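K.L.:
Just one file: model-v6.cif, with mmCIF, C-alpha atoms.
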```
data_model
loop_
_atom_site.label_atom_id
_atom_site.label_comp_id
_atom_site.auth_asym_id
_atom_site.auth_seq_id
_atom_site.Cartn_x
_atom_site.Cartn_y
_atom_site.Cartn_z
CA MET F 903 174.48 -14.27 79.79
CA LYS F 904 177.00 -14.11 76.96
CA LYS F 905 180.07 -16.35 77.19
CA VAL F 906 183.54 -14.87 76.59
CA ALA F 907 186.89 -16.63 76.12
CA PHE F 908 190.41 -15.21 76.09
CA TYR F 909 193.64 -16.20 74.38
CA THR F 910 196.98 -14.55 75.17
CA LEU F 911 200.15 -14.52 73.12
CA GLY F 912 203.45 -13.11 74.38
CA CYS F 913 204.74 -11.78 77.64
CA LYS F 914 203.77 -11.67 81.32
CA LEU F 915 202.52 -8.12 80.78
CA ASN F 916 199.96 -9.38 78.25
CA TYR F 917 198.81 -12.03 80.76
CA SER F 918 198.28 -9.39 83.44
CA GLU F 919 196.25 -7.25 81.03
CA THR F 920 194.14 -10.13 79.68
CA SER F 921 193.30 -11.17 83.23
CA THR F 922 192.26 -7.65 84.18
CA ILE F 923 190.10 -7.26 81.05
CA SER F 924 188.47 -10.63 81.80
CA ARG F 925 187.49 -9.40 85.27
CA MET F 926 185.91 -6.32 83.64
CA PHE F 927 183.72 -8.66 81.57
CA GLU F 928 182.75 -10.70 84.62
CA ALA F 929 181.83 -7.50 86.50
CA LYS F 930 179.47 -6.62 83.62
CA GLY F 931 177.74 -10.01 83.85
CA TYR F 932 179.54 -11.96 81.12
CA GLU F 933 180.52 -15.57 81.81
CA LYS F 934 184.23 -16.32 81.33
CA VAL F 935 184.70 -19.75 79.72
CA ASP F 936 187.48 -21.86 78.23
CA PHE F 937 188.42 -21.32 74.59
CA ASP F 938 186.72 -24.56 73.48
CA ASN F 939 183.46 -23.98 75.39
CA THR F 940 181.54 -22.43 72.41
CA PRO F 941 181.98 -18.78 73.48
CA ASP F 942 179.88 -15.97 72.04
CA ILE F 943 182.90 -13.65 72.15
CA PHE F 944 186.63 -14.31 71.72
CA ILE F 945 189.22 -11.77 72.88
CA ILE F 946 192.67 -12.51 71.41
CA ASN F 947 195.55 -10.55 72.96
CA THR F 948 198.47 -10.47 70.50
CA CYS F 949 202.21 -9.91 70.59
CA SER F 950 204.52 -8.22 68.09
CA VAL F 951 207.75 -9.68 69.46
CA THR F 952 206.61 -13.22 68.71
CA GLU F 953 207.84 -14.35 65.31
CA ASN F 954 205.13 -14.89 62.70
CA ALA F 955 202.61 -12.84 64.67
CA ASP F 956 200.32 -12.74 61.61
CA LYS F 957 200.32 -16.54 61.16
CA LYS F 958 199.64 -17.14 64.86
CA CYS F 959 196.81 -14.62 64.88
CA LYS F 960 195.20 -16.18 61.77
CA LYS F 961 195.49 -19.67 63.23
CA ILE F 962 193.80 -18.72 66.51
CA VAL F 963 190.99 -16.93 64.63
CA ARG F 964 190.48 -20.04 62.46
CA GLU F 965 190.27 -22.27 65.54
CA ALA F 966 187.84 -19.86 67.22
CA LYS F 967 185.56 -19.96 64.18
CA LYS F 968 185.64 -23.78 64.10
CA ILE F 969 184.60 -23.92 67.76
CA SER F 970 181.95 -21.20 67.54
CA PRO F 971 181.11 -20.15 63.94
CA ASN F 972 178.82 -17.26 64.92
CA SER F 973 181.12 -15.82 67.58
CA TYR F 974 182.36 -12.22 67.76
CA VAL F 975 186.16 -12.12 67.44
CA THR F 976 188.12 -9.15 68.81
CA ILE F 977 191.89 -8.67 68.42
CA ILE F 978 193.84 -6.51 70.87
CA GLY F 979 197.50 -6.18 71.91
CA CYS F 980 200.77 -5.05 70.34
CA TYR F 981 200.20 -6.60 66.92
CA ALA F 982 196.74 -4.98 66.80
CA GLN F 983 198.31 -1.56 67.39
CA LEU F 984 201.04 -2.06 64.77
CA LYS F 985 199.00 -3.67 61.98
CA PRO F 986 195.28 -2.94 62.57
CA GLN F 987 194.36 -2.78 58.88
CA GLU F 988 196.17 -6.01 58.10
CA ILE F 989 194.38 -7.80 60.94
CA SER F 990 190.99 -6.39 59.88
CA GLU F 991 191.36 -8.30 56.61
CA ILE F 992 191.68 -11.69 58.35
CA GLU F 993 188.51 -13.63 57.69
CA GLY F 994 186.41 -13.95 60.84
CA VAL F 995 187.74 -10.88 62.68
CA ASP F 996 184.96 -8.52 63.85
CA ALA F 997 186.97 -5.84 65.66
CA VAL F 998 190.54 -4.63 66.12
CA LEU F 999 191.42 -2.35 69.05
CA GLY F 1000 194.67 -0.48 69.60
CA ALA F 1001 196.66 0.27 72.75
CA ALA F 1002 194.58 3.31 73.74
CA GLU F 1003 191.29 1.46 73.25
CA LYS F 1004 191.73 -2.09 74.59
CA PHE F 1005 190.77 -1.37 78.21
CA ARG F 1006 187.54 0.30 77.01
CA LEU F 1007 186.50 -2.46 74.64
CA ILE F 1008 183.28 -3.40 76.47
CA ASP F 1009 181.97 0.16 76.06
CA LEU F 1010 183.40 0.71 72.58
CA LEU F 1011 181.99 -2.50 71.11
CA ASP F 1012 178.54 -1.96 72.65
CA GLY F 1013 177.03 -5.42 73.01
CA PHE F 1014 179.34 -7.09 70.48
CA ALA F 1015 176.75 -7.02 67.69
CA LYS F 1016 178.19 -8.21 64.38
CA GLU F 1017 178.36 -5.70 61.53
CA GLN F 1018 179.04 -5.89 57.80
CA GLU F 1019 182.50 -4.27 58.13
CA THR F 1020 185.28 -5.10 60.60
CA LYS F 1021 185.46 -2.38 63.23
CA VAL F 1022 188.96 -0.84 63.53
CA LEU F 1023 189.50 1.33 66.61
CA ALA F 1024 193.22 2.06 66.79
CA SER F 1025 194.40 5.60 67.54
CA GLU F 1026 197.92 6.84 66.90
CA ILE F 1027 200.28 5.51 69.56
CA GLN F 1028 200.67 9.00 71.10
CA GLU F 1029 197.10 8.58 72.37
CA ALA F 1030 198.19 5.64 74.55
CA ASN F 1031 199.35 7.87 77.38
CA ILE F 1032 197.30 6.64 80.35
CA PHE F 1033 198.55 3.94 82.69
CA ASN F 1034 195.99 1.15 83.06
CA ASN F 1035 196.40 -0.86 86.24
CA ALA F 1036 196.51 -4.62 85.62
CA TYR F 1037 197.32 -7.89 87.36
CA SER F 1038 196.60 -11.54 86.64
CA MET F 1039 194.38 -13.57 88.92
CA HIS F 1040 193.34 -17.25 89.14
CA ASP F 1041 195.19 -18.07 85.90
CA ARG F 1042 198.40 -19.42 87.42
CA THR F 1043 200.02 -20.06 90.79
CA ARG F 1044 201.81 -16.72 90.68
CA THR F 1045 200.36 -13.31 89.88
CA PHE F 1046 201.84 -10.93 87.31
CA LEU F 1047 201.49 -7.34 88.52
CA LYS F 1048 201.95 -4.58 85.95
CA VAL F 1049 203.80 -1.59 87.43
CA GLN F 1050 205.01 0.17 84.26
CA ASP F 1051 204.12 0.35 80.56
CA GLY F 1052 205.70 1.69 77.36
CA CYS F 1053 209.33 2.51 76.62
CA ASN F 1054 211.37 5.61 75.74
CA TYR F 1055 214.46 3.72 74.58
CA GLY F 1056 213.90 3.04 70.87
CA CYS F 1057 216.41 0.20 70.34
CA ALA F 1058 217.12 -0.40 66.64
CA PHE F 1059 215.39 -3.81 66.53
CA CYS F 1060 212.32 -3.10 68.66
CA THR F 1061 208.71 -2.20 67.82
CA ILE F 1062 207.46 -2.02 71.41
CA PRO F 1063 207.54 1.82 71.67
CA LEU F 1064 205.39 1.87 68.49
CA ALA F 1065 203.03 -0.72 69.99
CA ARG F 1066 202.80 0.50 73.60
CA GLY F 1067 203.82 4.16 73.57
CA LYS F 1068 205.97 6.16 75.94
CA SER F 1069 207.14 5.03 79.38
CA ARG F 1070 204.55 5.56 82.10
CA SER F 1071 203.89 4.05 85.51
CA ASP F 1072 201.37 3.54 88.23
CA THR F 1073 201.95 5.30 91.56
CA ILE F 1074 203.54 3.44 94.47
CA ASP F 1075 200.36 3.98 96.50
CA ASN F 1076 198.15 2.41 93.81
CA ILE F 1077 200.53 -0.53 93.44
CA LEU F 1078 200.49 -1.15 97.21
CA THR F 1079 196.68 -1.21 97.06
CA SER F 1080 196.87 -3.84 94.29
CA VAL F 1081 199.37 -5.90 96.28
CA ARG F 1082 197.02 -5.89 99.29
CA GLU F 1083 194.13 -7.00 97.05
CA ILE F 1084 196.30 -9.83 95.69
CA ALA F 1085 197.40 -10.80 99.22
CA ALA F 1086 193.74 -11.26 100.19
CA THR F 1087 193.41 -14.01 97.54
CA GLU F 1088 196.13 -16.20 99.14
CA VAL F 1089 198.51 -15.89 96.17
CA LYS F 1090 202.02 -16.79 97.34
CA GLU F 1091 204.17 -15.12 94.66
CA VAL F 1092 203.88 -11.86 92.73
CA VAL F 1093 206.02 -11.04 89.69
CA LEU F 1094 206.51 -7.32 89.02
CA THR F 1095 206.22 -6.76 85.29
CA GLY F 1096 206.32 -3.99 82.70
CA VAL F 1097 207.95 -3.10 79.40
CA ASN F 1098 210.94 -1.41 81.05
CA ILE F 1099 210.36 -1.74 84.79
CA GLY F 1100 213.66 -0.19 85.83
CA ASP F 1101 212.31 3.03 84.28
CA PHE F 1102 209.42 2.97 86.77
CA GLY F 1103 208.32 6.34 88.15
CA ILE F 1104 207.21 8.41 85.15
CA GLN F 1105 203.69 9.77 85.66
CA GLU F 1106 202.05 12.30 83.32
CA GLY F 1107 205.32 12.62 81.42
CA LYS F 1108 207.45 13.49 84.47
CA ARG F 1109 209.65 11.32 86.68
CA LYS F 1110 208.04 11.36 90.13
CA GLU F 1111 209.09 8.11 91.82
CA ARG F 1112 211.88 5.49 91.67
CA PHE F 1113 211.97 1.75 91.14
CA ALA F 1114 214.16 1.27 94.23
CA ASP F 1115 211.53 3.01 96.39
CA LEU F 1116 208.79 0.83 94.89
CA VAL F 1117 210.69 -2.36 95.73
CA MET F 1118 211.34 -1.22 99.30
CA ALA F 1119 207.68 -0.24 99.85
CA ILE F 1120 206.35 -3.53 98.46
CA ASP F 1121 208.70 -5.52 100.69
CA GLU F 1122 206.82 -4.24 103.74
CA ILE F 1123 203.43 -5.62 102.65
CA GLU F 1124 202.29 -8.63 104.67
CA GLY F 1125 200.51 -11.59 103.09
CA ILE F 1126 202.70 -12.30 100.04
CA GLU F 1127 205.55 -14.75 100.58
CA ARG F 1128 207.61 -13.89 97.50
CA PHE F 1129 208.16 -11.05 95.06
CA ARG F 1130 210.09 -11.57 91.84
CA ILE F 1131 211.41 -8.85 89.52
CA SER F 1132 210.86 -9.61 85.86
CA SER F 1133 213.23 -8.47 83.11
CA ILE F 1134 215.21 -5.32 84.01
CA GLU F 1135 217.74 -3.41 81.88
CA PRO F 1136 221.36 -3.65 83.15
CA ASN F 1137 221.83 0.12 83.15
CA LEU F 1138 218.74 0.49 85.37
CA LEU F 1139 219.59 -2.32 87.78
CA THR F 1140 221.33 -0.18 90.38
CA ASN F 1141 223.58 -1.23 93.25
CA GLU F 1142 220.85 0.07 95.55
CA VAL F 1143 218.32 -2.42 94.13
CA ILE F 1144 220.80 -5.32 94.09
CA GLU F 1145 221.89 -4.65 97.68
CA PHE F 1146 218.28 -4.36 98.85
CA VAL F 1147 217.22 -7.63 97.23
CA SER F 1148 220.22 -9.37 98.84
CA THR F 1149 218.85 -8.55 102.32
CA SER F 1150 215.13 -8.43 101.51
CA LYS F 1151 212.47 -10.27 103.46
CA ARG F 1152 210.48 -11.23 100.38
CA PHE F 1153 212.27 -10.38 97.12
CA VAL F 1154 213.84 -13.54 95.74
CA PRO F 1155 217.41 -13.94 94.40
CA HIS F 1156 216.54 -14.05 90.71
CA PHE F 1157 217.20 -11.43 88.02
CA HIS F 1158 216.48 -11.55 84.32
CA ILE F 1159 218.78 -9.03 82.62
CA PRO F 1160 218.70 -8.47 78.84
CA LEU F 1161 222.14 -8.42 77.23
CA GLN F 1162 221.23 -8.82 73.49
CA SER F 1163 224.87 -8.93 72.38
CA GLY F 1164 228.21 -9.63 74.06
CA THR F 1165 230.12 -7.31 71.74
CA ASN F 1166 230.23 -3.53 72.07
CA THR F 1167 230.18 -3.12 68.27
CA ILE F 1168 226.72 -4.66 68.03
CA LEU F 1169 225.47 -3.09 71.28
CA ARG F 1170 226.23 0.35 69.80
CA SER F 1171 224.58 -0.59 66.51
CA MET F 1172 221.49 -1.78 68.39
CA GLY F 1173 221.31 1.52 70.28
CA ARG F 1174 221.57 -0.18 73.68
CA ARG F 1175 222.38 2.11 76.62
CA TYR F 1176 225.32 0.20 78.08
CA LEU F 1177 228.44 -1.69 77.04
CA ARG F 1178 229.48 -5.23 77.95
CA GLU F 1179 231.76 -3.96 80.73
CA LEU F 1180 228.76 -2.59 82.64
CA TYR F 1181 226.89 -5.85 82.11
CA GLU F 1182 229.82 -7.83 83.49
CA ASP F 1183 229.96 -5.49 86.47
CA ARG F 1184 226.24 -6.09 87.24
CA ILE F 1185 226.73 -9.87 87.22
CA SER F 1186 229.79 -9.60 89.49
CA LYS F 1187 227.92 -7.34 91.92
CA ILE F 1188 224.95 -9.73 92.15
CA LYS F 1189 227.10 -12.83 92.61
CA SER F 1190 229.30 -11.17 95.24
CA LEU F 1191 226.22 -10.58 97.42
CA MET F 1192 224.04 -13.56 96.36
CA PRO F 1193 226.25 -16.45 95.17
CA HIS F 1194 223.22 -18.69 94.57
CA CYS F 1195 221.23 -16.04 92.70
CA CYS F 1196 219.71 -17.15 89.40
CA ILE F 1197 220.53 -14.85 86.47
CA GLY F 1198 218.71 -15.16 83.15
CA VAL F 1199 219.90 -13.40 80.01
CA ASP F 1200 218.17 -12.31 76.79
CA VAL F 1201 220.36 -12.44 73.69
CA ILE F 1202 219.64 -11.77 70.01
CA VAL F 1203 221.60 -13.63 67.31
CA GLY F 1204 221.96 -12.65 63.68
CA PHE F 1205 221.54 -8.89 64.10
CA PRO F 1206 222.78 -7.02 60.98
CA GLY F 1207 226.55 -6.66 61.06
CA GLU F 1208 227.09 -9.67 63.35
CA THR F 1209 230.05 -11.38 61.64
CA ASP F 1210 231.29 -14.85 62.64
CA GLU F 1211 233.99 -13.17 64.74
CA LEU F 1212 231.50 -10.92 66.55
CA PHE F 1213 229.16 -13.85 67.22
CA LEU F 1214 232.07 -15.81 68.73
CA GLU F 1215 232.87 -12.79 70.89
CA THR F 1216 229.29 -12.93 72.22
CA TYR F 1217 229.47 -16.70 72.67
CA ASN F 1218 232.73 -16.53 74.62
CA PHE F 1219 231.50 -13.62 76.72
CA LEU F 1220 228.38 -15.59 77.73
CA ASN F 1221 230.37 -18.76 78.28
CA GLU F 1222 232.61 -17.02 80.81
CA LEU F 1223 229.81 -15.14 82.63
CA ASP F 1224 228.42 -16.62 85.86
CA ILE F 1225 224.85 -16.81 84.55
CA SER F 1226 222.13 -19.47 84.83
CA TYR F 1227 220.21 -19.64 81.54
CA LEU F 1228 219.62 -17.83 78.25
CA HIS F 1229 216.53 -16.73 76.36
CA VAL F 1230 217.77 -16.82 72.77
CA PHE F 1231 216.00 -14.77 70.09
CA THR F 1232 216.79 -15.17 66.41
CA TYR F 1233 216.78 -11.68 64.89
CA SER F 1234 213.87 -11.11 62.52
CA GLU F 1235 213.20 -7.97 60.53
CA ARG F 1236 210.48 -5.66 61.82
CA ALA F 1237 208.89 -2.90 59.76
CA ASN F 1238 209.50 0.70 60.94
CA THR F 1239 212.67 -0.15 62.88
CA ARG F 1240 216.13 1.28 62.22
CA ALA F 1241 217.66 -2.20 62.01
CA VAL F 1242 215.97 -2.99 58.67
CA GLU F 1243 218.05 -0.22 57.06
CA LEU F 1244 221.39 -1.62 58.30
CA ASP F 1245 223.97 -3.36 56.13
CA GLY F 1246 225.49 -6.75 56.85
CA VAL F 1247 222.30 -8.84 56.78
CA VAL F 1248 223.01 -12.29 58.25
CA PRO F 1249 221.61 -15.22 56.20
CA ILE F 1250 218.66 -17.01 57.88
CA LYS F 1251 220.54 -20.33 57.92
CA LYS F 1252 223.44 -18.75 59.80
CA ARG F 1253 221.06 -17.06 62.27
CA ASN F 1254 219.49 -20.45 63.02
CA GLU F 1255 222.89 -22.13 63.47
CA ARG F 1256 223.98 -19.45 65.96
CA SER F 1257 220.67 -19.71 67.79
CA LYS F 1258 221.16 -23.46 68.17
CA MET F 1259 224.69 -22.97 69.54
CA LEU F 1260 223.44 -20.57 72.21
CA ARG F 1261 220.52 -22.80 73.16
CA ILE F 1262 222.97 -25.65 73.77
CA LEU F 1263 225.10 -23.26 75.85
CA SER F 1264 221.99 -22.28 77.81
CA GLU F 1265 221.31 -25.92 78.73
CA LYS F 1266 224.92 -26.31 79.91
CA LYS F 1267 224.65 -23.15 82.01
CA ARG F 1268 221.35 -24.26 83.52
CA ARG F 1269 222.68 -27.72 84.39
CA LYS F 1270 225.83 -26.25 85.96
CA PHE F 1271 223.71 -23.85 88.03
CA TYR F 1272 221.46 -26.70 89.17
CA GLN F 1273 224.48 -28.85 90.10
CA GLU F 1274 225.99 -26.04 92.16
CA ASN F 1275 222.81 -25.97 94.25
CA LEU F 1276 222.46 -29.71 94.92
CA GLY F 1277 222.48 -30.51 98.63
CA ARG F 1278 221.14 -27.07 99.52
CA THR F 1279 217.77 -26.39 101.13
CA PHE F 1280 215.21 -24.08 99.52
CA THR F 1281 211.47 -23.45 99.52
CA VAL F 1282 209.53 -24.58 96.45
CA LEU F 1283 206.23 -23.10 95.36
CA PHE F 1284 204.46 -26.09 93.82
CA GLU F 1285 202.21 -25.51 90.83
CA GLU F 1286 199.40 -27.37 89.10
CA ASP F 1287 202.02 -28.74 86.73
CA VAL F 1288 201.87 -32.52 86.83
CA GLU F 1289 203.72 -34.86 84.48
CA ASP F 1290 204.23 -38.63 84.80
CA GLY F 1291 203.06 -38.60 88.41
CA LYS F 1292 205.46 -35.78 89.36
CA MET F 1293 204.47 -32.25 90.33
CA HIS F 1294 206.71 -29.27 89.67
CA GLY F 1295 207.51 -25.92 91.16
CA PHE F 1296 210.27 -23.35 91.47
CA THR F 1297 212.67 -22.48 94.28
CA GLU F 1298 213.32 -18.87 95.25
CA ASN F 1299 216.28 -18.88 92.86
CA TYR F 1300 214.22 -20.32 90.00
CA ILE F 1301 215.33 -23.94 89.98
CA ARG F 1302 212.58 -26.19 88.58
CA VAL F 1303 211.95 -28.95 91.08
CA ALA F 1304 210.13 -32.25 90.60
CA ALA F 1305 208.52 -34.13 93.49
CA LYS F 1306 205.99 -36.93 93.93
CA TYR F 1307 202.49 -35.62 93.23
CA ASP F 1308 200.56 -34.55 96.30
CA PRO F 1309 197.42 -32.45 95.64
CA ILE F 1310 197.65 -30.78 99.03
CA LEU F 1311 200.96 -29.15 98.01
CA ILE F 1312 199.57 -27.18 95.02
CA ASN F 1313 200.08 -23.45 95.63
CA GLU F 1314 201.97 -24.25 98.83
CA LEU F 1315 205.53 -23.45 99.80
CA LYS F 1316 207.46 -26.51 100.89
CA THR F 1317 210.98 -26.62 102.30
CA VAL F 1318 213.05 -29.19 100.41
CA THR F 1319 216.64 -30.23 99.86
CA LEU F 1320 217.78 -30.53 96.25
CA SER F 1321 219.10 -34.07 95.80
CA GLU F 1322 219.80 -34.85 92.13
CA ILE F 1323 219.12 -33.85 88.53
CA ASN F 1324 216.73 -36.26 86.80
CA GLU F 1325 216.73 -37.44 83.19
CA LYS F 1326 214.43 -34.56 82.17
CA GLY F 1327 216.86 -31.97 83.53
CA ASN F 1328 214.74 -31.01 86.55
CA VAL F 1329 215.94 -31.30 90.13
CA GLU F 1330 214.53 -34.03 92.38
CA ALA F 1331 213.85 -32.91 95.91
CA VAL F 1332 213.43 -34.54 99.30
CA GLU F 1333 212.34 -33.15 102.63
CA PRO F 1334 215.35 -32.00 104.68
CA GLU F 1335 214.82 -34.60 107.43
CA MET F 1336 214.74 -37.36 104.80
CA MET F 1337 218.03 -36.06 103.40
CA TYR F 1338 219.44 -36.13 106.91
CA GLU F 1339 218.27 -39.74 107.49
CA ARG F 1340 219.72 -40.84 104.15
CA HIS F 1341 223.16 -39.57 105.13
#
```
Take the structure from the file and write it as structure tokens.
P.N.:
Amino acid sequence: MKKVAFYTLGCKLNYSETSTISRMFEAKGYEKVDFDNTPDIFIINTCSVTENADKKCKKIVREAKKISPNSYVTIIGCYAQLKPQEISEIEGVDAVLGAAEKFRLIDLLDGFAKEQETKVLASEIQEANIFNNAYSMHDRTRTFLKVQDGCNYGCAFCTIPLARGKSRSDTIDNILTSVREIAATEVKEVVLTGVNIGDFGIQEGKRKERFADLVMAIDEIEGIERFRISSIEPNLLTNEVIEFVSTSKRFVPHFHIPLQSGTNTILRSMGRRYLRELYEDRISKIKSLMPHCCIGVDVIVGFPGETDELFLETYNFLNELDISYLHVFTYSERANTRAVELDGVVPIKKRNERSKMLRILSEKKRRKFYQENLGRTFTVLFEEDVEDGKMHGFTENYIRVAAKYDPILINELKTVTLSEINEKGNVEAVEPEMMYERH
């Protein structure tokens, strides 16, 4: 029985796909092992959004070869689709598979026998037009369920349409089948994921279903305690979805909504499909219905044309918004994107300074959000995340909670009252009756 190990870079979508591919190997009789357990085969799932994708890929290949010198190393994922030839020249790589090939790698690589030349199987991105069902399993406390893939938007900074192809989705019926399968494994939380999940519903090139209908159908499934929506574009986050989540039985009050810039000048230059006024309206709508809802924001600093004045406009816009945390990305040039042709390149040093400013703002926002929720009662899903005798988990509204380690609580939902913020910035919790006794 050959041993196979997996390594995943990047997003939740990559995790769902790696997990599904690993189950395909197990079904064929391969033994899934940890990375350091001298595997015969390594499957490395790469990301193109991650900075220095080439360096990270090379480093992982080097480590794989140290652990198991005669192993067969296969590279898949977004970086593999964008730069297959470049990857094939990395010493130690045996095969590179593109977006249309990665789910067929067991058949395509036929026994994983080493050859003189690196095998490159990467079709043009137009060939990646089939939706491959995927969800993670046994890797983490929560499951990532892929409901959509690809993107039709073509933002000026983004390579994802080149790496994953056009927008396409599973059917609601197929997704409900997956949710029932997941429910049978006693998973407590499922995160819906995709490249552009608000665009859910395109099948065979035509729009056939809607994201709002998917959310409503999933909410009826018994056996899963919580559903969480991953990143969703502001122009696709409709009032209908917001209103439904606010009264839902299982969808939690947490949205992650990419902004990218708080100035309309840069939003237009990026090719985004909304202006800051719409973004502000979405935040107001959410908070009017769910005051304790957690709202995360993606923002890019140092995009070409972002002057000091425009950056401050973004900073002030974010500072005034009722949001909970930021994911800050420092703009980096990507080949074959419109942004590399734009004037007004921001020096790297300035990009890094702006990034630091927004990361500090993010910590302030997070702390303020945590403080606003102290004294309130929530349920926490505890994870196998133990540090200094404390275990950690997240509330419905994505507050990271620390509590005294108790092995019986792992992957269990526990009702707690949030009592104080500790020195590490997490919230300490007590059981509600203990809080009552203390007062």
K.L.:
Rank nothing, just name the residue among F:Tyr1227, F:Thr1165, F:Ser950, F:Cys1195 nearest to Gly1207 of chain F, using all atoms listed in the file.
P.N.:
F:Thr1165
K.L.:
Need the shell around Ile1008 of chain F: protein/DNA/RNA residues with any atom at most 9 Å away, counting all atoms listed in the file. Skip same-chain ones fewer than 6 positions apart. Format as a list in words?
P.N.:
Met926, Phe927, Lys930 and Phe1014 of chain F
K.L.:
Care to translate the PyMOL selection byres ((chain F and resi 1235-1251) around 8) into actual residues of this file, as a PyMOL selection string?
P.N.:
chain F and resi 1058-1061+1172+1204-1209+1233-1234+1252-1255
K.L.:
Running the PyMOL selection byres ((chain F and resi 904-909) around 12) on this model by hand, what would come out? Give it as a VMD selection string.
P.N.:
chain F and resid 903 910 to 912 916 to 917 919 to 928 930 to 949 958 to 959 961 to 963 965 to 966 969 to 970 973 to 979 1008 1013 to 1015 1041
K.L.:
With all atoms listed in the file counted and 9 Å as the cut-off, give the residues of segment 1084-1189 of chain F in contact with segment 1310-1334 of chain F, each with its shortest interatomic distance in Å and the pair that gives it, as CSV.
P.N.:
```
residue,atom,partner,partner_atom,distance
F:Glu1088,CA,F:Asn1313,CA,9.0
F:Val1089,CA,F:Asn1313,CA,7.7
F:Lys1090,CA,F:Asn1313,CA,7.1
F:Glu1127,CA,F:Leu1315,CA,8.7
```
K.L.:
May I ask for the distance between atom CA of Thr1020 of chain F and atom CA of Val998 of chain F, given in Å to one decimal place?
P.N.:
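Distance reported for this atom pair: 7.6 Å.
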K.L.:
What residues come out when you apply the PyMOL selection byres ((chain F and resi 1116) around 10) to this file, written as a ChimeraX atom specification?
P.N.:
/F:1049,1073-1075,1077-1078,1102-1103,1111-1115,1117-1121
K.L.:
List as a list in words the protein and nucleic acid residues near Glu1285 of chain F, meaning an atom at most 8 Å away when only C-alpha atoms are counted, but skip any in the same chain fewer than 6 places from it.
P.N.:
Arg1042, Thr1043, Met1293, His1294, Gly1295, Ile1312 and Asn1313 of chain F
K.L.:
If I take atom CA of Pro1160 of chain F and atom CA of Val1199 of chain F, how far is one from the other in Å, to one decimal?
P.N.:
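The value is 5.2 Å.
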K.L.:
Name the closest residue to Val1147 of chain F among the candidates F:Ala1065, F:Arg1128, F:Thr1232, F:Cys1053; distances are taken between atoms, counting all atoms listed in the file.
P.N.:
F:Arg1128
K.L.:
Given the choices F:Gly1125, F:Gly1291, F:Gly1056, F:Gly1067, which gets closest to Arg1175 of chain F if the distance is worked out from only C-alpha atoms?
P.N.:
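For Arg1175 of chain F, the nearest of the given residues is F:Gly1056.
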K.L.:
Could you work out how far atom CA of Thr1297 of chain F lies from atom CA of His1194 of chain F, giving the answer in Å with one decimal?
P.N.:
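Rounded to one decimal, the two atoms are 11.2 Å apart.
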K.L.:
With distances taken over only C-alpha atoms, which of F:Leu1283, F:Leu1007, F:Val1022, F:Ala1030 is nearest to Glu988 of chain F?
P.N.:
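So, comparing all the options, the nearest one is F:Val1022.
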K.L.:
Please provide as a ChimeraX atom specification all residues within 10 Å of Ser1025 of chain F, with the sequence filter that same-chain residues fewer than 3 positions apart are discarded (counting only C-alpha atoms).
P.N.:
/F:983,986,999-1003,1022,1028-1030
K.L.:
Go ahead and fit an axis-aligned box to every listed atom of segment 1032-1050 of chain F plus 5 Å each side, and pass me the centre and edge lengths in Å, one decimal, as AutoDock Vina command-line options.
P.N.:
```
--center_x 199.2 --center_y -6.7 --center_z 85.6 --size_x 21.7 --size_y 36.7 --size_z 20.4
```
